[in-house]
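Enquirer: Below you will find the structure I want to go over with you.
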Amino acid sequence: MTDEIILTDLHSHTTASDGQLTPSELIERAIEKGVKVFAITDHDTTDGLAEAHAYNQAHETPLTLIDGVEISTRWNSFDIHIVALKVAVDHPALVSFLENQRSLRSERAKEIGERLHKAGIEGAYEGAKEYAGDAAISRGHYARWLAEKGYATHTANVFKRYLARGKTGYVPNNWGSMANAIDVIHQAGGVAVLAHPNGYKLSAKWVKRLVREFKEAGGDAMEVVLGQQTIDDRSQLIALSVLNNLSCSLGSDFHFPSSWIELGRNLFQPQGVHWVWQSKRWMEAK
Ligand code: AMP
Ligand code: MN
Ligand code: MN
Ligand code: MN
């Protein structure tokens, strides 16, 4: 007999960061797509969660909503993302940590604007700010504006040309260490998950190093199933999780409706994997 799979998506974004659906719209869409356990993990903020819970409760949905946040950290000068799940959003250590992250974001956003200005691109900061609204500015907002203005055909190309590491608009990051972020996540009662380990343009050897050092820094789990990946990539990530004694997570990293990424889509749960929700830290978290 096989257990029924509970469709689970533990990585997503709203308008509280660089996503394009409001928290309510995102919850509605997750339900439409059959997702049963769902985490909202905006960049460096938990601001979208209150509205998401309010909507979820008011509509008496079958959805379990997990409180999350995706934290930017620095590792060997790379921007590495750690998804925090089941955090106490009002824990003082987390609140002040995220406030600092957002002030780093706001300084960085201005500097990106200045760099683009020097490269002859006018009005990028104002444009990105308008897309961000009340949210802290992300490179995702810059990418939208640059693509909209025709600086590249689509956002992936904008990154290649302007925003990726080493390009004109890239500002060397000054995020804190993985260990520090993991410590804050633990203080807030949460679980620390290494996000999209293959998403940093690292060689296989460096991905191995990253996962090992994430574990050494106190990390609990890593994403192994993503909405878009090859079977080989998935197998390699699962093997790395076993090697490093990390439990496994999965998520779409949904930002906006498109034909290539969807909530819950392709989020298989291969058998024999030790899932993050089966881990002690998850079960002990509130
Ligand atoms: P930031 O957190 O401000 O450094 O911005 C990172 C965000 O930019 C990611 O979460 C994605 O939403 C987006 N992003 C990063 N790289 C790419 C890419 N190659 N193509 C499209 N979007 C990207
Ligand atoms: Mn993003
Ligand atoms: Mn990320
Ligand atoms: Mn993300």
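How things are named: the first chain in the structure tokens is A, the next is B, and so on; residues count from 1 in each chain; ligands count from 1 in the order shown.
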What are the closest atom pairs, with distances in Å to one decimal, for each residue of chain A lying within 7 Å of ligand 2, using only C-alpha atoms and all ligand atoms, rows by chain and rising residue number, as JSON lines?

Expert:
```
{"residue": "A:His13", "atom": "CA", "partner": "ligand 2", "partner_atom_place_in_ligand_line": "1 (Mn)", "distance": 6.9}
{"residue": "A:Asp18", "atom": "CA", "partner": "ligand 2", "partner_atom_place_in_ligand_line": "1 (Mn)", "distance": 5.2}
{"residue": "A:Gly19", "atom": "CA", "partner": "ligand 2", "partner_atom_place_in_ligand_line": "1 (Mn)", "distance": 6.8}
{"residue": "A:His43", "atom": "CA", "partner": "ligand 2", "partner_atom_place_in_ligand_line": "1 (Mn)", "distance": 6.7}
{"residue": "A:Gly140", "atom": "CA", "partner": "ligand 2", "partner_atom_place_in_ligand_line": "1 (Mn)", "distance": 5.8}
{"residue": "A:His255", "atom": "CA", "partner": "ligand 2", "partner_atom_place_in_ligand_line": "1 (Mn)", "distance": 6.7}
```

Enquirer: Could you list, as JSON, numbers by chain, all residues that come within 9 Å of ligand 1? Count only C-alpha atoms and all ligand atoms.

Expert: {"A": [13, 17, 18, 19, 42, 43, 44, 70, 71, 72, 79, 81, 105, 108, 109, 136, 137, 138, 139, 140, 141, 142, 143, 144, 154, 155, 156, 157, 158, 159, 160, 163, 164, 173, 199, 200, 253, 254, 255]}

Enquirer: Once DSSP has gone over the backbone, tell me which residues of segment 43-258 of chain A are in alpha helix (DSSP H), as a ChimeraX atom specification.

Expert: /A:49-58,92-118,124-132,139-148,155-158,178-187,204-216,231-243

Enquirer: What's the 9 Å shell around Phe78 of chain A, counting only C-alpha atoms, without same-chain residues fewer than 2 positions away, as a ChimeraX atom specification?

Expert: /A:73-76,80,165,172-173,200

Enquirer: Let me see the file: selected residues, N, CA and C atoms, as a PDB file, in the first residue's frame.

Expert:
```
ATOM      1  N   THR A  73      22.170  35.435   2.301  1.00  0.00           N
ATOM      2  CA  THR A  73      23.417  35.370   3.068  1.00  0.00           C
ATOM      3  C   THR A  73      24.598  35.445   2.096  1.00  0.00           C
ATOM      4  N   ARG A  74      25.778  35.585   2.680  1.00  0.00           N
ATOM      5  CA  ARG A  74      26.992  35.659   1.871  1.00  0.00           C
ATOM      6  C   ARG A  74      27.867  34.448   2.180  1.00  0.00           C
ATOM      7  N   TRP A  75      28.324  33.793   1.129  1.00  0.00           N
ATOM      8  CA  TRP A  75      29.235  32.653   1.293  1.00  0.00           C
ATOM      9  C   TRP A  75      30.248  32.730   0.156  1.00  0.00           C
ATOM     10  N   ASN A  76      31.533  32.903   0.513  1.00  0.00           N
ATOM     11  CA  ASN A  76      32.567  33.046  -0.515  1.00  0.00           C
ATOM     12  C   ASN A  76      32.163  34.063  -1.579  1.00  0.00           C
ATOM     13  N   ILE A  80      23.803  33.498  -1.238  1.00  0.00           N
ATOM     14  CA  ILE A  80      23.209  32.186  -0.973  1.00  0.00           C
ATOM     15  C   ILE A  80      21.921  32.376  -0.171  1.00  0.00           C
ATOM     16  N   ARG A 165      26.108  38.496 -10.963  1.00  0.00           N
ATOM     17  CA  ARG A 165      27.398  38.722 -10.332  1.00  0.00           C
ATOM     18  C   ARG A 165      28.425  39.174 -11.367  1.00  0.00           C
ATOM     19  N   PRO A 172      28.466  44.076  -5.180  1.00  0.00           N
ATOM     20  CA  PRO A 172      28.969  42.989  -4.326  1.00  0.00           C
ATOM     21  C   PRO A 172      28.201  42.980  -3.010  1.00  0.00           C
ATOM     22  N   ASN A 173      27.707  41.824  -2.629  1.00  0.00           N
ATOM     23  CA  ASN A 173      26.776  41.804  -1.492  1.00  0.00           C
ATOM     24  C   ASN A 173      27.504  41.904  -0.162  1.00  0.00           C
ATOM     25  N   TYR A 200      22.966  28.625  -8.124  1.00  0.00           N
ATOM     26  CA  TYR A 200      23.968  29.669  -7.889  1.00  0.00           C
ATOM     27  C   TYR A 200      25.075  29.687  -8.931  1.00  0.00           C
TER      28      TYR A 200
END
```

Enquirer: For atom CA of Leu146 of chain A and atom CA of Thr14 of chain A, quote the distance in Å rounded to one decimal.

Expert: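 These two atoms are separated by 20.4 Å.
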
Enquirer: Could you go through segment 5-153 of chain A and tell me which residues DSSP, when run on the backbone, assigns to strand (DSSP E), listing them as a ChimeraX atom specification?

Expert: /A:8-9,37-40,64-75,78-85

Enquirer: Between A:Val171, A:Leu21, A:Val211, A:Ala135, which residue has the minimum interatomic distance to Ser103 of chain A, considering only C-alpha atoms?

Expert: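 Checking each candidate against Ser103 of chain A, we get A:Ala135 as the closest.
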
Enquirer: Looking at only C-alpha atoms and all ligand atoms, which of A:Ser203, A:Ser235, A:Gln269, A:Thr41 is the one that sits closest to ligand 3?

Expert: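 Of all the options, A:Thr41 lies closest to ligand 3.
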
Enquirer: With only C-alpha atoms as the counted atoms, please give the residues lying no more than 10 Å from Ala93 of chain A, apart from itself and same-chain residues fewer than 2 positions off, as a PDB file with N, CA and C atoms, in the first residue's frame.

Expert:
```
ATOM      1  N   VAL A  89       7.187  34.537  13.824  1.00  0.00           N
ATOM      2  CA  VAL A  89       7.438  35.789  13.095  1.00  0.00           C
ATOM      3  C   VAL A  89       7.656  36.980  14.027  1.00  0.00           C
ATOM      4  N   ASP A  90       7.199  36.864  15.259  1.00  0.00           N
ATOM      5  CA  ASP A  90       7.372  38.008  16.171  1.00  0.00           C
ATOM      6  C   ASP A  90       8.563  37.821  17.115  1.00  0.00           C
ATOM      7  N   HIS A  91       9.398  36.824  16.867  1.00  0.00           N
ATOM      8  CA  HIS A  91      10.566  36.645  17.738  1.00  0.00           C
ATOM      9  C   HIS A  91      11.522  37.835  17.554  1.00  0.00           C
ATOM     10  N   VAL A  95      12.980  39.508  14.138  1.00  0.00           N
ATOM     11  CA  VAL A  95      12.459  40.811  13.718  1.00  0.00           C
ATOM     12  C   VAL A  95      13.606  41.786  13.471  1.00  0.00           C
ATOM     13  N   SER A  96      14.558  41.861  14.420  1.00  0.00           N
ATOM     14  CA  SER A  96      15.619  42.855  14.229  1.00  0.00           C
ATOM     15  C   SER A  96      16.595  42.416  13.134  1.00  0.00           C
ATOM     16  N   PHE A  97      16.810  41.112  13.005  1.00  0.00           N
ATOM     17  CA  PHE A  97      17.656  40.612  11.916  1.00  0.00           C
ATOM     18  C   PHE A  97      17.071  41.001  10.556  1.00  0.00           C
ATOM     19  N   LEU A  98      15.761  40.795  10.392  1.00  0.00           N
ATOM     20  CA  LEU A  98      15.138  41.084   9.089  1.00  0.00           C
ATOM     21  C   LEU A  98      15.092  42.593   8.822  1.00  0.00           C
ATOM     22  N   ASP A 183      21.527  30.642  12.947  1.00  0.00           N
ATOM     23  CA  ASP A 183      21.378  30.837  14.387  1.00  0.00           C
ATOM     24  C   ASP A 183      20.091  31.625  14.699  1.00  0.00           C
ATOM     25  N   VAL A 184      19.839  32.685  13.927  1.00  0.00           N
ATOM     26  CA  VAL A 184      18.621  33.484  14.158  1.00  0.00           C
ATOM     27  C   VAL A 184      17.369  32.637  13.881  1.00  0.00           C
ATOM     28  N   ILE A 185      17.415  31.854  12.810  1.00  0.00           N
ATOM     29  CA  ILE A 185      16.269  30.989  12.471  1.00  0.00           C
ATOM     30  C   ILE A 185      15.985  30.029  13.636  1.00  0.00           C
ATOM     31  N   HIS A 186      17.042  29.465  14.182  1.00  0.00           N
ATOM     32  CA  HIS A 186      16.863  28.528  15.301  1.00  0.00           C
ATOM     33  C   HIS A 186      16.337  29.234  16.540  1.00  0.00           C
ATOM     34  N   GLN A 187      16.863  30.429  16.808  1.00  0.00           N
ATOM     35  CA  GLN A 187      16.341  31.192  17.949  1.00  0.00           C
ATOM     36  C   GLN A 187      14.842  31.415  17.805  1.00  0.00           C
ATOM     37  N   ALA A 188      14.401  31.641  16.563  1.00  0.00           N
ATOM     38  CA  ALA A 188      12.975  31.883  16.316  1.00  0.00           C
ATOM     39  C   ALA A 188      12.200  30.568  16.166  1.00  0.00           C
TER      40      ALA A 188
END
```

Enquirer: If we count only C-alpha atoms and set the cut-off at 10 Å, which residues sit around His11 of chain A, ignoring sequence neighbours fewer than 6 positions away in its own chain? Please answer as a ChimeraX atom specification.

Expert: /A:38-42,66,68-70,83-85,195-196,223,226,249-255,263-264

Enquirer: Restricting it to N, CA, C and O atoms, dump the selection as a CSV table (one decimal), in the first residue's frame.

Expert:
```csv
chain,number,residue,atom,x,y,z
A,38,PHE,N,1.6,24.6,2.4
A,38,PHE,CA,2.1,25.7,1.6
A,38,PHE,C,2.9,26.7,2.5
A,38,PHE,O,2.4,27.1,3.5
A,39,ALA,N,4.1,27.1,2.0
A,39,ALA,CA,4.8,28.1,2.8
A,39,ALA,C,5.0,29.3,1.9
A,39,ALA,O,5.3,29.2,0.7
A,40,ILE,N,4.8,30.5,2.5
A,40,ILE,CA,5.2,31.7,1.8
A,40,ILE,C,6.5,32.1,2.4
A,40,ILE,O,6.7,32.2,3.6
A,41,THR,N,7.5,32.4,1.5
A,41,THR,CA,8.9,32.6,1.9
A,41,THR,C,9.4,33.9,1.2
A,41,THR,O,10.3,33.7,0.3
A,42,ASP,N,8.9,35.0,1.5
A,42,ASP,CA,9.3,36.2,0.8
A,42,ASP,C,10.8,36.6,1.2
A,42,ASP,O,11.2,36.2,2.3
A,66,ILE,N,2.3,27.6,6.2
A,66,ILE,CA,3.6,27.6,7.0
A,66,ILE,C,4.2,29.0,7.0
A,66,ILE,O,4.4,29.5,5.9
A,68,GLY,N,7.1,31.4,6.7
A,68,GLY,CA,8.5,31.2,6.2
A,68,GLY,C,9.1,32.6,5.8
A,68,GLY,O,8.4,33.6,5.7
A,69,VAL,N,10.3,32.5,5.5
A,69,VAL,CA,11.1,33.7,5.0
A,69,VAL,C,12.3,33.2,4.3
A,69,VAL,O,12.9,32.2,4.7
A,70,GLU,N,12.7,33.8,3.2
A,70,GLU,CA,13.9,33.5,2.4
A,70,GLU,C,15.0,34.5,2.7
A,70,GLU,O,14.8,35.7,2.4
A,83,VAL,N,16.0,29.3,3.2
A,83,VAL,CA,14.6,29.4,3.5
A,83,VAL,C,14.4,28.9,4.9
A,83,VAL,O,14.8,27.9,5.3
A,84,ALA,N,13.8,29.8,5.7
A,84,ALA,CA,13.4,29.5,7.1
A,84,ALA,C,12.0,29.1,7.1
A,84,ALA,O,11.1,29.8,6.5
A,85,LEU,N,11.7,28.0,7.7
A,85,LEU,CA,10.3,27.5,7.8
A,85,LEU,C,9.9,27.4,9.3
A,85,LEU,O,10.7,27.0,10.1
A,195,ALA,N,18.3,26.9,0.1
A,195,ALA,CA,17.4,27.0,-1.1
A,195,ALA,C,18.1,26.7,-2.4
A,195,ALA,O,19.4,26.9,-2.5
A,196,HIS,N,17.4,26.1,-3.3
A,196,HIS,CA,17.9,25.8,-4.7
A,196,HIS,C,19.4,25.7,-4.8
A,196,HIS,O,20.0,26.6,-5.5
A,223,GLU,N,16.7,22.0,-0.2
A,223,GLU,CA,15.7,21.8,-1.3
A,223,GLU,C,16.3,20.8,-2.3
A,223,GLU,O,17.5,20.9,-2.7
A,226,LEU,N,12.5,20.7,-7.2
A,226,LEU,CA,12.1,22.1,-7.6
A,226,LEU,C,11.2,21.9,-8.8
A,226,LEU,O,11.1,20.9,-9.4
A,249,SER,N,13.6,19.2,1.4
A,249,SER,CA,12.5,20.1,1.2
A,249,SER,C,12.2,20.2,-0.3
A,249,SER,O,13.0,19.8,-1.2
A,250,LEU,N,11.1,20.9,-0.6
A,250,LEU,CA,10.7,21.0,-2.0
A,250,LEU,C,9.8,22.3,-2.2
A,250,LEU,O,9.1,22.7,-1.3
A,251,GLY,N,9.9,22.9,-3.4
A,251,GLY,CA,9.2,24.1,-3.6
A,251,GLY,C,9.3,24.7,-5.0
A,251,GLY,O,10.2,24.4,-5.7
A,252,SER,N,8.3,25.4,-5.4
A,252,SER,CA,8.2,26.0,-6.7
A,252,SER,C,9.0,27.2,-6.9
A,252,SER,O,9.4,27.6,-8.0
A,253,ASP,N,9.2,28.0,-5.8
A,253,ASP,CA,9.8,29.3,-5.9
A,253,ASP,C,9.0,30.2,-6.9
A,253,ASP,O,9.5,31.0,-7.6
A,254,PHE,N,7.7,30.0,-6.8
A,254,PHE,CA,6.8,30.8,-7.6
A,254,PHE,C,6.8,32.3,-7.3
A,254,PHE,O,6.8,32.7,-6.2
A,255,HIS,N,6.9,33.1,-8.4
A,255,HIS,CA,6.9,34.6,-8.3
A,255,HIS,C,5.7,35.2,-9.0
A,255,HIS,O,5.2,36.2,-8.5
A,263,LEU,N,2.6,26.9,-9.0
A,263,LEU,CA,2.5,26.4,-7.6
A,263,LEU,C,2.2,24.9,-7.6
A,263,LEU,O,1.3,24.5,-8.4
A,264,GLY,N,3.0,24.2,-6.9
A,264,GLY,CA,2.7,22.7,-6.7
A,264,GLY,C,3.2,21.9,-7.9
A,264,GLY,O,3.2,20.7,-7.8
```

Enquirer: Of the residues A:Glu130, A:Gly113, A:Glu262, A:Ile27, which is the one nearest to His59 of chain A, using only C-alpha atoms?

Expert: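 With only C-alpha atoms as the atom set, the closest residue is A:Ile27.
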
Enquirer: Give me, please, the distance in Å between atom CA of Ile261 of chain A and atom CA of Gly227 of chain A, quoted to one decimal.

Expert: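 Answer for the atom CA of Ile261 of chain A to atom CA of Gly227 of chain A separation: 6.4 Å.
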
Enquirer: Using only C-alpha atoms, what does the table of segment 199-258 of chain A residues within 10 Å of segment 278-281 of chain A look like, with each row giving the shortest atom pair and its distance in Å to one decimal, sorted by chain and ascending number, as a tab-separated table?

Expert:
```
residue	atom	partner	partner_atom	distance
A:Asp220	CA	A:Arg281	CA	8.1
A:Ala221	CA	A:Ser279	CA	9.0
A:Leu246	CA	A:Ser279	CA	9.4
A:Ser247	CA	A:Ser279	CA	6.9
A:Cys248	CA	A:Ser279	CA	9.3
```

Enquirer: For Ala217 of chain A, which residue out of A:Ile82, A:Ala147, A:Ala204, A:Ala239 is the nearest one, using only C-alpha atoms?

Expert: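 Using only C-alpha atoms, Ala217 of chain A sits closest to A:Ile82.
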
Enquirer: From the list A:Leu10, A:Ala124, A:Ile5, A:Leu26, which residue is nearest ligand 4 when using only C-alpha atoms and all ligand atoms?

Expert: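 Ranking A:Leu10, A:Ala124, A:Ile5, A:Leu26 by distance to ligand 4, first place goes to A:Leu10.
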